[in-house]
Amino acid sequence: MTDPLPLRYARHLARDRRRSAHTVRAYQATAERLLAFLQGHWGGEVTPAALAKTSAADLRAYLAHRRNEGLANASAARELSAVRGFLRFATEGADLPRLRGPRVKKGIPRPVAPHEAVALAELASEEAAEPWIAARDWAVLLLLYGAGLRIGEAVGLTGAVLPLGETISVTGKRAKTRIVPLLPEVREAIEAYARLTPWGTPRDQPLFRGARGGPLPPGAIRKSVRSARAALGLSERTTPHALRHSFATHLLGRGADLRALQELLGHASLSSTQVYTAVDAAHLLDVYRHAHPRA
């Protein structure tokens, strides 16, 4: 007996795309929800041949169904992206309908939420042409959000950082070196990329490579982020640097002091770091205004 499509899709994501266990579970659940909905929507068996005929109206109906279950705009955009990936797999690349994701209401500029940062990194890597490039983009974006690196610092790393420990030495502006802690997830992402890259990791060569083996240009990461944020309905201010910005703001919001944050970010002066206190205050005020009954 043939395994269900969602299970085969999950195996494909884990084996061929090397997606994280969290991503595999989430995408398998989306595939199962979609098939259950379409079975009722169409009133019949949902086969790959039937899926190849999925219309924009079908996808709109599914999203409306999910919105009625309480799905927010940003999450609905993420769900649509997962649906597209599953349909491409199930129909072996059939010509599928184009459907714009839900619009996300624009508000005051603020940091990317943790779940949005992870979704952005996941989707950017999933759009990659090859598994090693997917692993590269995932690792670079996790370095920006999980370790607060500037994009230039991330692409400037060499193979000398391997093997990884609990910290990494980073050379920032004015050739100033600092030590940055590595979360286990960030370390695992870099190690997964190092295993997959066809160019090896010589100590005196760039760790992250472009598609043809040269140093990875920052523009390649910016391009993948632009595509992912559009699919997720995120603000145009959601750039690679915004992930570093979010790293700082989230740490400050959880009690990090300014001096420690200054060291982690590699700021020459404390005044550069103090901007995050204003950002955090603005975010708290926004939360207050939306939550307080008298606001």
# chains A, B, ... in the order shown; residues from 1 in each chain; ligands from 1
$ select_by_dssp --residues "region 39-173 of chain A" --states "alpha helix (DSSP H)" --output "count of residues only"
74
$ closest_residue --among "A:Val112, A:Ala134, A:Leu5, A:Leu80" --to "Arg237 (chain A)" --atoms "only C-alpha atoms"
A:Val112
$ residues_around --residues "Pro206 (chain A)" --least-positions-apart "4" --cutoff "7 Å" --atoms "only C-alpha atoms" --output "PDB file with all heavy atoms, in the first residue's frame"
ATOM      1  N   GLY A 156      31.763  37.145   5.831  1.00  0.00           N
ATOM      2  CA  GLY A 156      33.210  37.289   5.955  1.00  0.00           C
ATOM      3  C   GLY A 156      33.873  36.185   6.765  1.00  0.00           C
ATOM      4  O   GLY A 156      35.100  36.127   6.849  1.00  0.00           O
ATOM      5  N   LEU A 157      33.087  35.294   7.359  1.00  0.00           N
ATOM      6  CA  LEU A 157      33.664  34.192   8.127  1.00  0.00           C
ATOM      7  C   LEU A 157      34.450  33.256   7.210  1.00  0.00           C
ATOM      8  O   LEU A 157      34.096  33.072   6.041  1.00  0.00           O
ATOM      9  CB  LEU A 157      32.557  33.397   8.831  1.00  0.00           C
ATOM     10  CG  LEU A 157      31.779  34.128   9.926  1.00  0.00           C
ATOM     11  CD1 LEU A 157      30.624  33.259  10.416  1.00  0.00           C
ATOM     12  CD2 LEU A 157      32.688  34.509  11.094  1.00  0.00           C
ATOM     13  N   THR A 158      35.495  32.654   7.742  1.00  0.00           N
ATOM     14  CA  THR A 158      36.288  31.697   6.968  1.00  0.00           C
ATOM     15  C   THR A 158      36.175  30.312   7.604  1.00  0.00           C
ATOM     16  O   THR A 158      35.619  30.146   8.691  1.00  0.00           O
ATOM     17  CB  THR A 158      37.771  32.107   6.920  1.00  0.00           C
ATOM     18  OG1 THR A 158      38.333  31.968   8.237  1.00  0.00           O
ATOM     19  CG2 THR A 158      37.924  33.551   6.445  1.00  0.00           C
ATOM     20  N   GLY A 159      36.748  29.340   6.924  1.00  0.00           N
ATOM     21  CA  GLY A 159      36.731  27.980   7.440  1.00  0.00           C
ATOM     22  C   GLY A 159      37.478  27.833   8.745  1.00  0.00           C
ATOM     23  O   GLY A 159      37.360  26.795   9.420  1.00  0.00           O
ATOM     24  N   PRO A 215      33.311  33.896  -3.084  1.00  0.00           N
ATOM     25  CA  PRO A 215      32.761  34.406  -1.822  1.00  0.00           C
ATOM     26  C   PRO A 215      31.272  34.743  -1.980  1.00  0.00           C
ATOM     27  O   PRO A 215      30.859  35.239  -3.030  1.00  0.00           O
ATOM     28  CB  PRO A 215      33.596  35.664  -1.564  1.00  0.00           C
ATOM     29  CG  PRO A 215      34.851  35.458  -2.341  1.00  0.00           C
ATOM     30  CD  PRO A 215      34.455  34.688  -3.560  1.00  0.00           C
TER      31      PRO A 215
END
$ atom_distance --atom1 "CA of Ala113 (chain A)" --atom2 "CA of Ser246 (chain A)"
7.5 Å
$ closest_residue --among "A:Ala135, A:Trp42, A:Ser55, A:Glu122" --to "Asp95 (chain A)" --atoms "only C-alpha atoms"
A:Ser55
$ atom_distance --atom1 "CA of Pro114 (chain A)" --atom2 "CA of Arg60 (chain A)"
27.2 Å
$ closest_residue --among "A:Tyr62, A:His115, A:Ala211, A:Gln205" --to "Ala36 (chain A)" --atoms "only C-alpha atoms"
A:Tyr62
$ closest_residue --among "A:Ala154, A:Ala49, A:Val225, A:Ala82" --to "Arg25 (chain A)" --atoms "only C-alpha atoms"
A:Ala82
$ residues_around --residues "Arg136 (chain A)" --least-positions-apart "6" --cutoff "9 Å" --atoms "only C-alpha atoms" --output "ChimeraX atom specification"
/A:125,189-190,192-194,196-197,208-209
$ write_last_selection --atoms "all heavy atoms" --output "PDB file, in the first residue's frame"
ATOM      1  N   SER A 125      15.379  29.713   2.641  1.00  0.00           N
ATOM      2  CA  SER A 125      16.192  28.535   2.322  1.00  0.00           C
ATOM      3  C   SER A 125      15.429  27.557   1.428  1.00  0.00           C
ATOM      4  O   SER A 125      16.012  26.914   0.557  1.00  0.00           O
ATOM      5  CB  SER A 125      16.652  27.829   3.602  1.00  0.00           C
ATOM      6  OG  SER A 125      15.569  27.250   4.295  1.00  0.00           O
ATOM      7  N   ALA A 189      23.092  24.512  12.257  1.00  0.00           N
ATOM      8  CA  ALA A 189      22.839  24.989  10.897  1.00  0.00           C
ATOM      9  C   ALA A 189      24.155  25.182  10.140  1.00  0.00           C
ATOM     10  O   ALA A 189      24.270  24.812   8.962  1.00  0.00           O
ATOM     11  CB  ALA A 189      22.057  26.300  10.944  1.00  0.00           C
ATOM     12  N   ILE A 190      25.158  25.755  10.813  1.00  0.00           N
ATOM     13  CA  ILE A 190      26.463  25.968  10.161  1.00  0.00           C
ATOM     14  C   ILE A 190      27.129  24.621   9.861  1.00  0.00           C
ATOM     15  O   ILE A 190      27.686  24.411   8.778  1.00  0.00           O
ATOM     16  CB  ILE A 190      27.375  26.828  11.052  1.00  0.00           C
ATOM     17  CG1 ILE A 190      26.761  28.217  11.261  1.00  0.00           C
ATOM     18  CG2 ILE A 190      28.765  26.963  10.428  1.00  0.00           C
ATOM     19  CD1 ILE A 190      27.506  29.068  12.279  1.00  0.00           C
ATOM     20  N   ALA A 192      25.660  21.755   9.364  1.00  0.00           N
ATOM     21  CA  ALA A 192      24.938  21.091   8.277  1.00  0.00           C
ATOM     22  C   ALA A 192      25.371  21.650   6.928  1.00  0.00           C
ATOM     23  O   ALA A 192      25.569  20.912   5.959  1.00  0.00           O
ATOM     24  CB  ALA A 192      23.426  21.266   8.465  1.00  0.00           C
ATOM     25  N   TYR A 193      25.536  22.978   6.868  1.00  0.00           N
ATOM     26  CA  TYR A 193      26.018  23.596   5.625  1.00  0.00           C
ATOM     27  C   TYR A 193      27.424  23.099   5.298  1.00  0.00           C
ATOM     28  O   TYR A 193      27.730  22.762   4.139  1.00  0.00           O
ATOM     29  CB  TYR A 193      26.015  25.115   5.746  1.00  0.00           C
ATOM     30  CG  TYR A 193      26.929  25.772   4.740  1.00  0.00           C
ATOM     31  CD1 TYR A 193      26.553  25.867   3.404  1.00  0.00           C
ATOM     32  CD2 TYR A 193      28.184  26.246   5.114  1.00  0.00           C
ATOM     33  CE1 TYR A 193      27.413  26.429   2.458  1.00  0.00           C
ATOM     34  CE2 TYR A 193      29.042  26.816   4.185  1.00  0.00           C
ATOM     35  CZ  TYR A 193      28.652  26.895   2.862  1.00  0.00           C
ATOM     36  OH  TYR A 193      29.504  27.432   1.931  1.00  0.00           O
ATOM     37  N   ALA A 194      28.305  23.046   6.305  1.00  0.00           N
ATOM     38  CA  ALA A 194      29.695  22.627   6.081  1.00  0.00           C
ATOM     39  C   ALA A 194      29.758  21.209   5.525  1.00  0.00           C
ATOM     40  O   ALA A 194      30.637  20.887   4.712  1.00  0.00           O
ATOM     41  CB  ALA A 194      30.485  22.726   7.379  1.00  0.00           C
ATOM     42  N   LEU A 196      27.487  19.869   3.581  1.00  0.00           N
ATOM     43  CA  LEU A 196      26.873  19.816   2.257  1.00  0.00           C
ATOM     44  C   LEU A 196      27.621  20.594   1.184  1.00  0.00           C
ATOM     45  O   LEU A 196      27.517  20.262  -0.003  1.00  0.00           O
ATOM     46  CB  LEU A 196      25.433  20.348   2.336  1.00  0.00           C
ATOM     47  CG  LEU A 196      24.397  19.452   3.010  1.00  0.00           C
ATOM     48  CD1 LEU A 196      23.074  20.205   3.134  1.00  0.00           C
ATOM     49  CD2 LEU A 196      24.195  18.178   2.221  1.00  0.00           C
ATOM     50  N   THR A 197      28.342  21.646   1.564  1.00  0.00           N
ATOM     51  CA  THR A 197      28.951  22.502   0.551  1.00  0.00           C
ATOM     52  C   THR A 197      29.915  21.720  -0.344  1.00  0.00           C
ATOM     53  O   THR A 197      30.768  20.973   0.156  1.00  0.00           O
ATOM     54  CB  THR A 197      29.682  23.699   1.183  1.00  0.00           C
ATOM     55  OG1 THR A 197      30.329  24.448   0.145  1.00  0.00           O
ATOM     56  CG2 THR A 197      30.717  23.258   2.201  1.00  0.00           C
ATOM     57  N   PHE A 208      31.214  30.677   3.648  1.00  0.00           N
ATOM     58  CA  PHE A 208      29.994  30.671   2.836  1.00  0.00           C
ATOM     59  C   PHE A 208      30.331  31.045   1.395  1.00  0.00           C
ATOM     60  O   PHE A 208      30.933  32.092   1.142  1.00  0.00           O
ATOM     61  CB  PHE A 208      28.960  31.638   3.418  1.00  0.00           C
ATOM     62  CG  PHE A 208      28.501  31.242   4.794  1.00  0.00           C
ATOM     63  CD1 PHE A 208      28.819  32.018   5.900  1.00  0.00           C
ATOM     64  CD2 PHE A 208      27.764  30.085   4.986  1.00  0.00           C
ATOM     65  CE1 PHE A 208      28.406  31.643   7.173  1.00  0.00           C
ATOM     66  CE2 PHE A 208      27.341  29.697   6.261  1.00  0.00           C
ATOM     67  CZ  PHE A 208      27.668  30.483   7.349  1.00  0.00           C
ATOM     68  N   ARG A 209      29.912  30.185   0.457  1.00  0.00           N
ATOM     69  CA  ARG A 209      30.255  30.377  -0.942  1.00  0.00           C
ATOM     70  C   ARG A 209      29.022  30.726  -1.773  1.00  0.00           C
ATOM     71  O   ARG A 209      27.905  30.322  -1.480  1.00  0.00           O
ATOM     72  CB  ARG A 209      30.881  29.098  -1.512  1.00  0.00           C
ATOM     73  CG  ARG A 209      32.086  28.575  -0.771  1.00  0.00           C
ATOM     74  CD  ARG A 209      33.280  29.511  -0.865  1.00  0.00           C
ATOM     75  NE  ARG A 209      34.477  28.882  -0.345  1.00  0.00           N
ATOM     76  CZ  ARG A 209      35.445  28.360  -1.102  1.00  0.00           C
ATOM     77  NH1 ARG A 209      35.362  28.413  -2.423  1.00  0.00           N
ATOM     78  NH2 ARG A 209      36.499  27.800  -0.543  1.00  0.00           N
TER      79      ARG A 209
END
$ atom_distance --atom1 "CA of Ala121 (chain A)" --atom2 "CA of Asp137 (chain A)"
7.4 Å
$ residues_around --residues "Gly152 (chain A)" --least-positions-apart "4" --cutoff "12 Å" --atoms "only C-alpha atoms" --output "ChimeraX atom specification"
/A:140-141,143-144,148,156-157,170-173,206,208,215-222,240-241,244
$ decode --residues "region 217-228 of chain A" --atoms "all heavy atoms" --output "PDB file, in the first residue's frame"
ATOM      1  N   PRO A 217      28.193  36.810  -2.041  1.00  0.00           N
ATOM      2  CA  PRO A 217      27.902  38.249  -1.999  1.00  0.00           C
ATOM      3  C   PRO A 217      26.693  38.522  -1.112  1.00  0.00           C
ATOM      4  O   PRO A 217      25.703  37.781  -1.161  1.00  0.00           O
ATOM      5  CB  PRO A 217      27.596  38.586  -3.469  1.00  0.00           C
ATOM      6  CG  PRO A 217      27.143  37.305  -4.069  1.00  0.00           C
ATOM      7  CD  PRO A 217      27.846  36.203  -3.332  1.00  0.00           C
ATOM      8  N   PRO A 218      26.738  39.572  -0.291  1.00  0.00           N
ATOM      9  CA  PRO A 218      25.578  39.894   0.559  1.00  0.00           C
ATOM     10  C   PRO A 218      24.294  40.054  -0.243  1.00  0.00           C
ATOM     11  O   PRO A 218      23.211  39.745   0.246  1.00  0.00           O
ATOM     12  CB  PRO A 218      25.997  41.212   1.219  1.00  0.00           C
ATOM     13  CG  PRO A 218      27.485  41.166   1.235  1.00  0.00           C
ATOM     14  CD  PRO A 218      27.880  40.483  -0.043  1.00  0.00           C
ATOM     15  N   GLY A 219      24.421  40.509  -1.486  1.00  0.00           N
ATOM     16  CA  GLY A 219      23.229  40.703  -2.309  1.00  0.00           C
ATOM     17  C   GLY A 219      22.439  39.432  -2.544  1.00  0.00           C
ATOM     18  O   GLY A 219      21.220  39.477  -2.726  1.00  0.00           O
ATOM     19  N   ALA A 220      23.111  38.283  -2.535  1.00  0.00           N
ATOM     20  CA  ALA A 220      22.401  37.014  -2.744  1.00  0.00           C
ATOM     21  C   ALA A 220      21.465  36.727  -1.574  1.00  0.00           C
ATOM     22  O   ALA A 220      20.344  36.232  -1.757  1.00  0.00           O
ATOM     23  CB  ALA A 220      23.412  35.874  -2.910  1.00  0.00           C
ATOM     24  N   ILE A 221      21.922  37.058  -0.360  1.00  0.00           N
ATOM     25  CA  ILE A 221      21.071  36.856   0.819  1.00  0.00           C
ATOM     26  C   ILE A 221      19.940  37.880   0.830  1.00  0.00           C
ATOM     27  O   ILE A 221      18.788  37.549   1.152  1.00  0.00           O
ATOM     28  CB  ILE A 221      21.917  36.958   2.100  1.00  0.00           C
ATOM     29  CG1 ILE A 221      22.984  35.850   2.132  1.00  0.00           C
ATOM     30  CG2 ILE A 221      21.025  36.875   3.337  1.00  0.00           C
ATOM     31  CD1 ILE A 221      22.419  34.450   2.134  1.00  0.00           C
ATOM     32  N   ARG A 222      20.252  39.114   0.473  1.00  0.00           N
ATOM     33  CA  ARG A 222      19.207  40.141   0.429  1.00  0.00           C
ATOM     34  C   ARG A 222      18.107  39.754  -0.566  1.00  0.00           C
ATOM     35  O   ARG A 222      16.921  39.963  -0.320  1.00  0.00           O
ATOM     36  CB  ARG A 222      19.809  41.491   0.062  1.00  0.00           C
ATOM     37  CG  ARG A 222      20.744  42.061   1.121  1.00  0.00           C
ATOM     38  CD  ARG A 222      21.124  43.496   0.824  1.00  0.00           C
ATOM     39  NE  ARG A 222      22.023  44.037   1.832  1.00  0.00           N
ATOM     40  CZ  ARG A 222      23.337  44.145   1.676  1.00  0.00           C
ATOM     41  NH1 ARG A 222      23.902  43.784   0.527  1.00  0.00           N
ATOM     42  NH2 ARG A 222      24.086  44.637   2.638  1.00  0.00           N
ATOM     43  N   LYS A 223      18.504  39.194  -1.695  1.00  0.00           N
ATOM     44  CA  LYS A 223      17.532  38.788  -2.719  1.00  0.00           C
ATOM     45  C   LYS A 223      16.612  37.684  -2.203  1.00  0.00           C
ATOM     46  O   LYS A 223      15.397  37.736  -2.391  1.00  0.00           O
ATOM     47  CB  LYS A 223      18.270  38.314  -3.970  1.00  0.00           C
ATOM     48  CG  LYS A 223      17.338  37.903  -5.102  1.00  0.00           C
ATOM     49  CD  LYS A 223      18.134  37.476  -6.335  1.00  0.00           C
ATOM     50  CE  LYS A 223      17.192  37.044  -7.463  1.00  0.00           C
ATOM     51  NZ  LYS A 223      17.971  36.598  -8.661  1.00  0.00           N
ATOM     52  N   SER A 224      17.171  36.685  -1.528  1.00  0.00           N
ATOM     53  CA  SER A 224      16.348  35.593  -1.014  1.00  0.00           C
ATOM     54  C   SER A 224      15.411  36.087   0.081  1.00  0.00           C
ATOM     55  O   SER A 224      14.267  35.627   0.198  1.00  0.00           O
ATOM     56  CB  SER A 224      17.226  34.449  -0.497  1.00  0.00           C
ATOM     57  OG  SER A 224      17.986  34.849   0.622  1.00  0.00           O
ATOM     58  N   VAL A 225      15.859  37.068   0.872  1.00  0.00           N
ATOM     59  CA  VAL A 225      15.004  37.637   1.921  1.00  0.00           C
ATOM     60  C   VAL A 225      13.865  38.438   1.301  1.00  0.00           C
ATOM     61  O   VAL A 225      12.718  38.377   1.766  1.00  0.00           O
ATOM     62  CB  VAL A 225      15.839  38.508   2.887  1.00  0.00           C
ATOM     63  CG1 VAL A 225      14.934  39.363   3.772  1.00  0.00           C
ATOM     64  CG2 VAL A 225      16.722  37.628   3.757  1.00  0.00           C
ATOM     65  N   ARG A 226      14.151  39.194   0.238  1.00  0.00           N
ATOM     66  CA  ARG A 226      13.084  39.956  -0.434  1.00  0.00           C
ATOM     67  C   ARG A 226      11.981  39.039  -0.934  1.00  0.00           C
ATOM     68  O   ARG A 226      10.786  39.321  -0.784  1.00  0.00           O
ATOM     69  CB  ARG A 226      13.661  40.752  -1.606  1.00  0.00           C
ATOM     70  CG  ARG A 226      14.350  42.039  -1.223  1.00  0.00           C
ATOM     71  CD  ARG A 226      14.527  42.960  -2.410  1.00  0.00           C
ATOM     72  NE  ARG A 226      15.312  42.360  -3.475  1.00  0.00           N
ATOM     73  CZ  ARG A 226      16.635  42.454  -3.578  1.00  0.00           C
ATOM     74  NH1 ARG A 226      17.326  43.112  -2.650  1.00  0.00           N
ATOM     75  NH2 ARG A 226      17.286  41.895  -4.580  1.00  0.00           N
ATOM     76  N   SER A 227      12.358  37.920  -1.542  1.00  0.00           N
ATOM     77  CA  SER A 227      11.374  36.977  -2.057  1.00  0.00           C
ATOM     78  C   SER A 227      10.562  36.354  -0.927  1.00  0.00           C
ATOM     79  O   SER A 227       9.335  36.246  -1.016  1.00  0.00           O
ATOM     80  CB  SER A 227      12.100  35.882  -2.853  1.00  0.00           C
ATOM     81  OG  SER A 227      11.196  34.896  -3.287  1.00  0.00           O
ATOM     82  N   ALA A 228      11.246  35.971   0.157  1.00  0.00           N
ATOM     83  CA  ALA A 228      10.558  35.320   1.276  1.00  0.00           C
ATOM     84  C   ALA A 228       9.618  36.277   1.988  1.00  0.00           C
ATOM     85  O   ALA A 228       8.499  35.917   2.348  1.00  0.00           O
ATOM     86  CB  ALA A 228      11.584  34.749   2.258  1.00  0.00           C
TER      87      ALA A 228
END
